[in-house]
Structure formats: structure tokens, C-alpha cells
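The data block below is start_3.txt; it holds compact mmCIF, C-alpha atoms.
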# COMPACT_ATOMS: atom_id res chain seq x y z
CA MET A 1 83.94 136.16 90.49
CA ALA A 2 84.07 137.38 94.09
CA MET A 3 87.13 136.36 96.00
CA SER A 4 86.90 134.65 99.38
CA THR A 5 87.46 136.84 102.43
CA GLN A 6 88.91 133.93 104.39
CA ALA A 7 92.55 134.11 105.42
CA PRO A 8 94.87 132.33 102.97
CA ARG A 9 95.59 128.72 103.76
CA HIS A 10 99.18 127.61 104.21
CA VAL A 11 99.61 124.19 102.63
CA ALA A 12 102.70 121.98 102.39
CA LEU A 13 103.20 120.17 99.08
CA ALA A 14 105.22 116.96 99.32
CA LEU A 15 105.34 116.70 95.53
CA THR A 16 107.84 117.35 92.76
CA LEU A 17 107.50 119.07 89.40
CA ALA A 18 110.08 116.62 88.01
CA VAL A 19 107.39 113.92 87.71
CA PRO A 20 104.92 114.88 84.94
CA PHE A 21 101.69 113.69 86.58
CA GLN A 22 102.66 115.39 89.84
CA ALA A 23 103.39 118.60 87.96
CA ARG A 24 99.83 118.49 86.63
CA VAL A 25 98.51 117.88 90.14
CA VAL A 26 100.41 120.93 91.38
CA ARG A 27 98.99 122.96 88.49
CA GLY A 28 95.49 121.93 89.55
CA ILE A 29 96.18 122.83 93.18
CA ILE A 30 97.47 126.27 92.18
CA ASP A 31 94.44 126.89 89.94
CA TYR A 32 92.08 125.87 92.75
CA ALA A 33 93.89 128.10 95.24
CA ALA A 34 93.72 131.09 92.88
CA GLU A 35 90.00 130.58 92.32
CA HIS A 36 89.14 130.18 96.00
CA GLY A 37 91.01 133.05 97.56
CA GLY A 38 94.66 132.06 97.39
CA TRP A 39 96.84 129.72 99.40
CA THR A 40 100.48 129.95 100.33
CA PHE A 41 102.66 126.90 99.88
CA SER A 42 105.69 125.20 101.38
CA ALA A 43 107.58 122.67 99.26
CA ASN A 44 110.97 121.03 99.50
CA PRO A 45 110.68 117.68 97.68
CA VAL A 46 113.54 115.39 96.72
CA THR A 47 113.05 112.58 94.20
CA ALA A 48 114.06 109.19 95.59
CA GLY A 49 113.39 105.55 94.88
CA GLY A 50 112.82 103.26 91.94
CA PHE A 51 109.51 104.50 90.54
CA ALA A 52 107.93 107.84 89.85
CA GLU A 53 105.56 108.03 92.80
CA THR A 54 108.36 107.73 95.36
CA VAL A 55 109.11 111.25 96.54
CA SER A 56 110.52 112.27 99.87
CA MET A 57 109.38 115.29 101.85
CA PRO A 58 109.90 113.84 105.31
CA MET A 59 106.74 114.00 107.39
CA ALA A 60 108.86 114.16 110.53
CA GLY A 61 110.12 117.55 109.33
CA LEU A 62 106.56 118.89 109.54
CA ARG A 63 106.12 118.03 113.21
CA GLY A 64 105.07 121.18 115.04
CA TRP A 65 104.48 123.00 111.76
CA SER A 66 101.74 125.63 112.08
CA GLY A 67 100.23 125.31 108.60
CA ASP A 68 96.74 124.23 107.63
CA GLY A 69 97.33 120.96 105.78
CA VAL A 70 99.57 118.76 103.67
CA ILE A 71 99.10 117.27 100.20
CA ALA A 72 101.60 114.46 99.89
CA ILE A 73 102.95 111.41 98.15
CA ILE A 74 103.02 108.79 100.93
CA THR A 75 104.69 105.56 99.84
CA THR A 76 105.90 103.81 103.00
CA ASP A 77 104.25 102.62 106.20
CA GLU A 78 106.77 104.64 108.21
CA GLU A 79 105.89 107.89 106.44
CA ALA A 80 102.19 107.09 106.72
CA GLN A 81 102.51 106.75 110.49
CA LYS A 82 104.41 110.02 110.74
CA ALA A 83 101.76 111.71 108.62
CA ARG A 84 99.00 110.41 110.90
CA ASP A 85 100.89 111.78 113.90
CA LEU A 86 100.90 115.35 112.56
CA ASP A 87 98.60 117.96 114.03
CA VAL A 88 97.34 119.00 110.58
CA PRO A 89 95.27 117.05 108.03
CA VAL A 90 97.17 115.15 105.35
CA VAL A 91 95.78 114.07 101.98
CA ASN A 92 97.67 111.31 100.20
CA ILE A 93 97.63 111.29 96.40
CA ALA A 94 99.73 108.13 96.02
CA GLY A 95 98.37 104.65 95.38
CA THR A 96 101.47 102.83 96.58
CA LEU A 97 100.04 101.64 99.91
CA ARG A 98 96.80 99.71 100.06
CA ASP A 99 95.81 101.44 103.30
CA ALA A 100 97.85 104.37 104.54
CA GLY A 101 95.17 105.34 107.06
CA LEU A 102 94.86 108.75 105.38
CA PRO A 103 92.34 110.41 103.07
CA ARG A 104 93.33 109.62 99.49
CA VAL A 105 92.66 111.22 96.12
CA MET A 106 93.92 109.40 93.04
CA VAL A 107 92.95 108.41 89.52
CA ASP A 108 90.87 105.31 88.80
CA GLN A 109 93.72 102.81 88.59
CA LYS A 110 91.53 99.91 87.43
CA ALA A 111 90.19 102.08 84.61
CA ILE A 112 93.77 102.57 83.41
CA GLY A 113 94.18 98.80 83.15
CA ARG A 114 90.82 98.44 81.41
CA LEU A 115 91.70 101.11 78.86
CA ALA A 116 95.01 99.39 78.11
CA ALA A 117 93.30 96.02 77.60
CA ARG A 118 90.59 97.51 75.36
CA HIS A 119 93.21 99.22 73.23
CA LEU A 120 95.09 95.95 72.69
CA LEU A 121 91.86 94.12 71.90
CA GLU A 122 90.86 96.81 69.39
CA CYS A 123 94.27 96.37 67.75
CA GLY A 124 93.33 92.75 67.09
CA LEU A 125 95.96 91.23 69.39
CA ARG A 126 95.37 87.80 70.90
CA GLN A 127 98.29 87.29 73.28
CA PHE A 128 98.72 89.53 76.30
CA ALA A 129 101.01 90.23 79.21
CA TYR A 130 100.93 92.72 82.04
CA LEU A 131 104.22 94.17 83.28
CA GLY A 132 103.95 96.13 86.50
CA PHE A 133 105.55 96.66 89.88
CA ARG A 134 105.27 93.85 92.44
CA GLU A 135 104.78 95.97 95.57
CA PRO A 136 102.73 99.11 94.83
CA TRP A 137 98.98 98.70 95.28
CA PHE A 138 98.20 100.87 92.25
CA SER A 139 99.98 98.31 90.06
CA GLU A 140 97.72 95.55 91.40
CA LEU A 141 94.65 97.63 90.60
CA ARG A 142 95.83 98.27 87.05
CA ARG A 143 96.59 94.57 86.63
CA ASP A 144 93.13 93.63 87.86
CA GLY A 145 91.45 96.07 85.48
CA PHE A 146 93.59 94.72 82.64
CA THR A 147 92.98 91.05 83.32
CA GLU A 148 89.30 91.40 84.16
CA THR A 149 88.67 93.13 80.84
CA LEU A 150 90.47 90.34 79.01
CA ALA A 151 88.48 87.73 80.92
CA GLU A 152 85.24 89.46 79.93
CA ALA A 153 86.39 89.28 76.31
CA GLY A 154 86.86 85.51 76.62
CA TYR A 155 90.50 85.25 77.59
CA GLU A 156 91.44 83.20 80.64
CA TYR A 157 94.44 85.32 81.51
CA LEU A 158 93.12 86.32 84.91
CA CYS A 159 92.81 82.74 86.13
CA SER A 160 96.33 81.84 85.00
CA VAL A 161 97.81 84.91 86.72
CA ARG A 162 96.06 84.10 89.98
CA ILE A 163 97.15 80.47 89.93
CA ALA A 164 100.74 81.46 89.17
CA ARG A 165 100.72 83.85 92.12
CA ALA A 166 99.14 81.20 94.36
CA LYS A 167 101.89 78.71 93.46
CA GLU A 168 104.50 81.25 94.51
CA LEU A 169 102.81 81.91 97.84
CA LEU A 170 102.23 78.24 98.59
CA VAL A 171 105.96 77.59 98.54
CA ALA A 172 107.40 80.93 99.66
CA SER A 173 104.97 81.46 102.54
CA PRO A 174 104.24 78.04 104.08
CA LYS A 175 102.56 79.60 107.14
CA LEU A 176 99.84 81.27 105.09
CA SER A 177 96.50 79.51 105.22
CA MET A 178 94.56 78.61 102.08
CA ARG A 179 92.07 81.35 102.91
CA GLU A 180 94.84 83.94 103.18
CA ILE A 181 96.41 82.82 99.91
CA ALA A 182 93.03 82.89 98.18
CA ALA A 183 92.42 86.44 99.39
CA GLN A 184 95.84 87.65 98.28
CA CYS A 185 95.25 86.17 94.84
CA GLY A 186 91.92 87.90 94.36
CA TYR A 187 89.46 85.17 95.32
CA THR A 188 86.55 86.07 97.55
CA GLU A 189 86.02 82.43 98.56
CA SER A 190 88.70 79.85 99.31
CA GLN A 191 86.53 77.10 97.83
CA GLN A 192 86.57 78.80 94.45
CA PHE A 193 90.36 79.07 94.71
CA ARG A 194 90.69 75.36 95.51
CA GLN A 195 88.48 74.38 92.59
CA GLN A 196 90.32 76.51 90.06
CA PHE A 197 93.70 75.39 91.36
CA ARG A 198 92.75 71.71 91.07
CA ARG A 199 91.37 72.27 87.58
CA SER A 200 94.60 73.97 86.50
CA GLU A 201 97.23 71.85 88.28
CA LYS A 202 95.42 68.48 88.61
CA MET A 203 96.00 68.51 92.36
CA SER A 204 94.87 70.42 95.41
CA PRO A 205 96.85 73.46 96.59
CA THR A 206 97.71 71.56 99.80
CA SER A 207 99.16 68.69 97.78
CA TYR A 208 101.07 71.11 95.59
CA ARG A 209 102.61 72.82 98.61
CA ARG A 210 103.57 69.50 100.20
CA LEU A 211 105.14 68.24 96.96
CA GLN A 212 107.12 71.41 96.28
CA ILE A 213 108.43 71.76 99.83
CA SER A 214 109.48 68.12 100.01
CA THR A 215 111.24 68.49 96.63
CA VAL A 216 113.16 71.55 97.85
CA ARG A 217 114.27 69.70 100.99
CA LEU A 218 115.57 66.77 98.93
As C-alpha cells, how would this structure be written, given the file I've shared?
Amino acid sequence: MAMSTQAPRHVALALTLAVPFQARVVRGIIDYAAEHGGWTFSANPVTAGGFAETVSMPMAGLRGWSGDGVIAIITTDEEAQKARDLDVPVVNIAGTLRDAGLPRVMVDQKAIGRLAARHLLECGLRQFAYLGFREPWFSELRRDGFTETLAEAGYEYLCSVRIARAKELLVASPKLSMREIAAQCGYTESQQFRQQFRRSEKMSPTSYRRLQISTVRL
């Protein structure tokens, strides 16, 4: 195969070989670079945080850097803003933030949840639970794939999860409107949310919020 005559690209990798899936990503990047004419790399990652995707290669340290691009794990709004401020393109491979304002490449997170649910169903199980992280967006996607697959198989897990989350938001975030709560719980229409909530709790979400808040004040 003929090699490219283009000058090698200099790419910063804000990744770490200590995390298995990131090590495989780096392997793929190196293979691609070797096949397409060779890149040179800069990397100085430090593992930090409570879950595997959280890796720190400070974007601020790349300000003024004269390379061609960055492939990064971006997990905070602050780092996302700093990445957007750079003079080189940045590709985010993390699914932690719903919208980092950067091009993103990642696995199909919902498919992961669907595969997990199908495996449990094929094992003949009839009671299910999803344990994930509360904040990262990728965990929400996996949960949705998991619960949607169970709902398609006749299990009402998805509805119960959404109602439980709505009950939390109704009390913890009294300034949120019903439409906002519905959206955060996965409903496309607030009317559908109200109907399912009333069917589950035998009262409207507004009544539930009023009752719970008055109880807490007492």
C-alpha cells in the first residue's frame, strides 16, 4: 500500500492506557496513523475521578499549542469550554456530558443496555434492576436501552423508573415545571407524564408535590 506524502500530523492524546477501553482506542489510533502516513503524538494523561472515563489532560495546557488536533476524554463543562477555545480541532470520545459542544465519537451506549437486557431475558430472569452512575450521560443512555428492551418484552420497568425519578424531582426541584420534569424523565409530552403519574400514584404530580412539600415543612 502506498504511503501518504502528506506531512505527519501532530496529535495530542488526552487518554490513558491504564483504562482498558481507552487503551484499545489508542491502539486503533496508532493503527490508523501507521496506515495513513504516520502521526506524531503528545500525551501526558493523569487518571482522576470516580469512574473510568474521568481522565485529566488539562485543555488549558494546550493553549497556544501548534499541533494539528486533539483526541480527548472531556468530562466537565469547564474542560469542554477550554477545549472549544483552542485553536485546533478537538474530538471528544467520552459520553459523560450530554452536549460538550464538540465533535464526538463513541460506542452505541443504548445498544450496550439493550444487549444487557437481552442477555438477562435469555437467562430466564424475571426481576431486573439497573445500577449506573447518576450524572454521566452515557449511563442514562445505557439505562434507557436496558429499560426500553424490558418494556418491549412486556415488563413495565421503564414506567416505574420514570415515575420514581419524577417523584424525586417534584420534591427536590420545586421550581421545575411539569414540562421540564417530564422531559428530564424521558417523556416527549407532559400530558403523557401526567397520565402515567396519576395512574401510578392515584394523584396528579402537582398534588404529589404539594403534599410532600407540606409534609416536609411540618
Which of A:Glu140, A:Ala100, A:Thr147, A:Ala33 sits closest to Leu120 in chain A [using all atoms listed in the file] =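 Checking each candidate against Leu120 in chain A, we get A:Thr147 as the closest.
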Exercise: range 178-194 of chain A partners within 9 Å, only C-alpha atoms, chain neighbours under 6 positions left out, as an MDAnalysis selection string = chainID A and resid 144 161:163 165:166 169:170 204:206
Generate the output file for the selected residues, C-alpha atoms, as a PDB file, in the coordinates of the input.
ATOM      1  CA  ASP A 144      93.130  93.630  87.860  1.00  0.00           C
ATOM      2  CA  VAL A 161      97.810  84.910  86.720  1.00  0.00           C
ATOM      3  CA  ARG A 162      96.060  84.100  89.980  1.00  0.00           C
ATOM      4  CA  ILE A 163      97.150  80.470  89.930  1.00  0.00           C
ATOM      5  CA  ARG A 165     100.720  83.850  92.120  1.00  0.00           C
ATOM      6  CA  ALA A 166      99.140  81.200  94.360  1.00  0.00           C
ATOM      7  CA  LEU A 169     102.810  81.910  97.840  1.00  0.00           C
ATOM      8  CA  LEU A 170     102.230  78.240  98.590  1.00  0.00           C
ATOM      9  CA  SER A 204      94.870  70.420  95.410  1.00  0.00           C
ATOM     10  CA  PRO A 205      96.850  73.460  96.590  1.00  0.00           C
ATOM     11  CA  THR A 206      97.710  71.560  99.800  1.00  0.00           C
TER      12      THR A 206
END
task = Would you kindly return, as an NGL selection string, each protein, DNA or RNA residue with an atom no farther than 9 Å from any atom of Arg63 in chain A, considering only C-alpha atoms and excluding same-chain residues fewer than 6 positions away?
result = :A and (82-83 or 85-87)
request  = Tell me, in Å to one decimal, how far CA of Met106 in chain A is from CA of Val25 in chain A.
outcome  =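 Value for the CA of Met106 in chain A-CA of Val25 in chain A distance: 10.1 Å.
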request  = Report the distance between CA of Arg209 in chain A and CA of Phe197 in chain A in Å, rounded to one decimal place.
outcome  =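 About the pair CA of Arg209 in chain A and CA of Phe197 in chain A: they are 11.8 Å apart.
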request  = Rounded to one decimal place, report the CA of Ile29 in chain A-CA of Asp77 in chain A distance in Å.
outcome  =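 It comes out at 25.4 Å.
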Could you put an axis-aligned box around every listed atom of range 177-194 of chain A, padded by 6 Å on each side, and send me its centre and edge lengths in Å to one decimal, as AutoDock Vina command-line options?
--center_x 91.3 --center_y 81.6 --center_z 99.8 --size_x 22.5 --size_y 24.5 --size_z 22.9
key: Among the residues A:Tyr155, A:Phe21, A:Trp65, A:Phe146, the one that comes closest to Leu115 in chain A [using only C-alpha atoms]   = A:Phe146
Using 9 Å as the limit and counting only C-alpha atoms, can you tabulate each residue of range 103-184 of chain A that touches range 89-97 of chain A, with its shortest atom-to-atom distance in Å and the two atoms involved, as a Markdown table?
| residue | atom | partner | partner_atom | distance |
| --- | --- | --- | --- | --- |
| A:Pro103 | CA | A:Val91 | CA | 5.1 |
| A:Arg104 | CA | A:Asn92 | CA | 4.7 |
| A:Val105 | CA | A:Ile93 | CA | 5.0 |
| A:Met106 | CA | A:Ile93 | CA | 5.4 |
| A:Val107 | CA | A:Ile93 | CA | 8.8 |
| A:Gln109 | CA | A:Gly95 | CA | 8.4 |
| A:Glu135 | CA | A:Thr96 | CA | 7.7 |
| A:Pro136 | CA | A:Thr96 | CA | 4.3 |
| A:Trp137 | CA | A:Thr96 | CA | 5.0 |
| A:Phe138 | CA | A:Gly95 | CA | 4.9 |
| A:Ser139 | CA | A:Thr96 | CA | 8.1 |
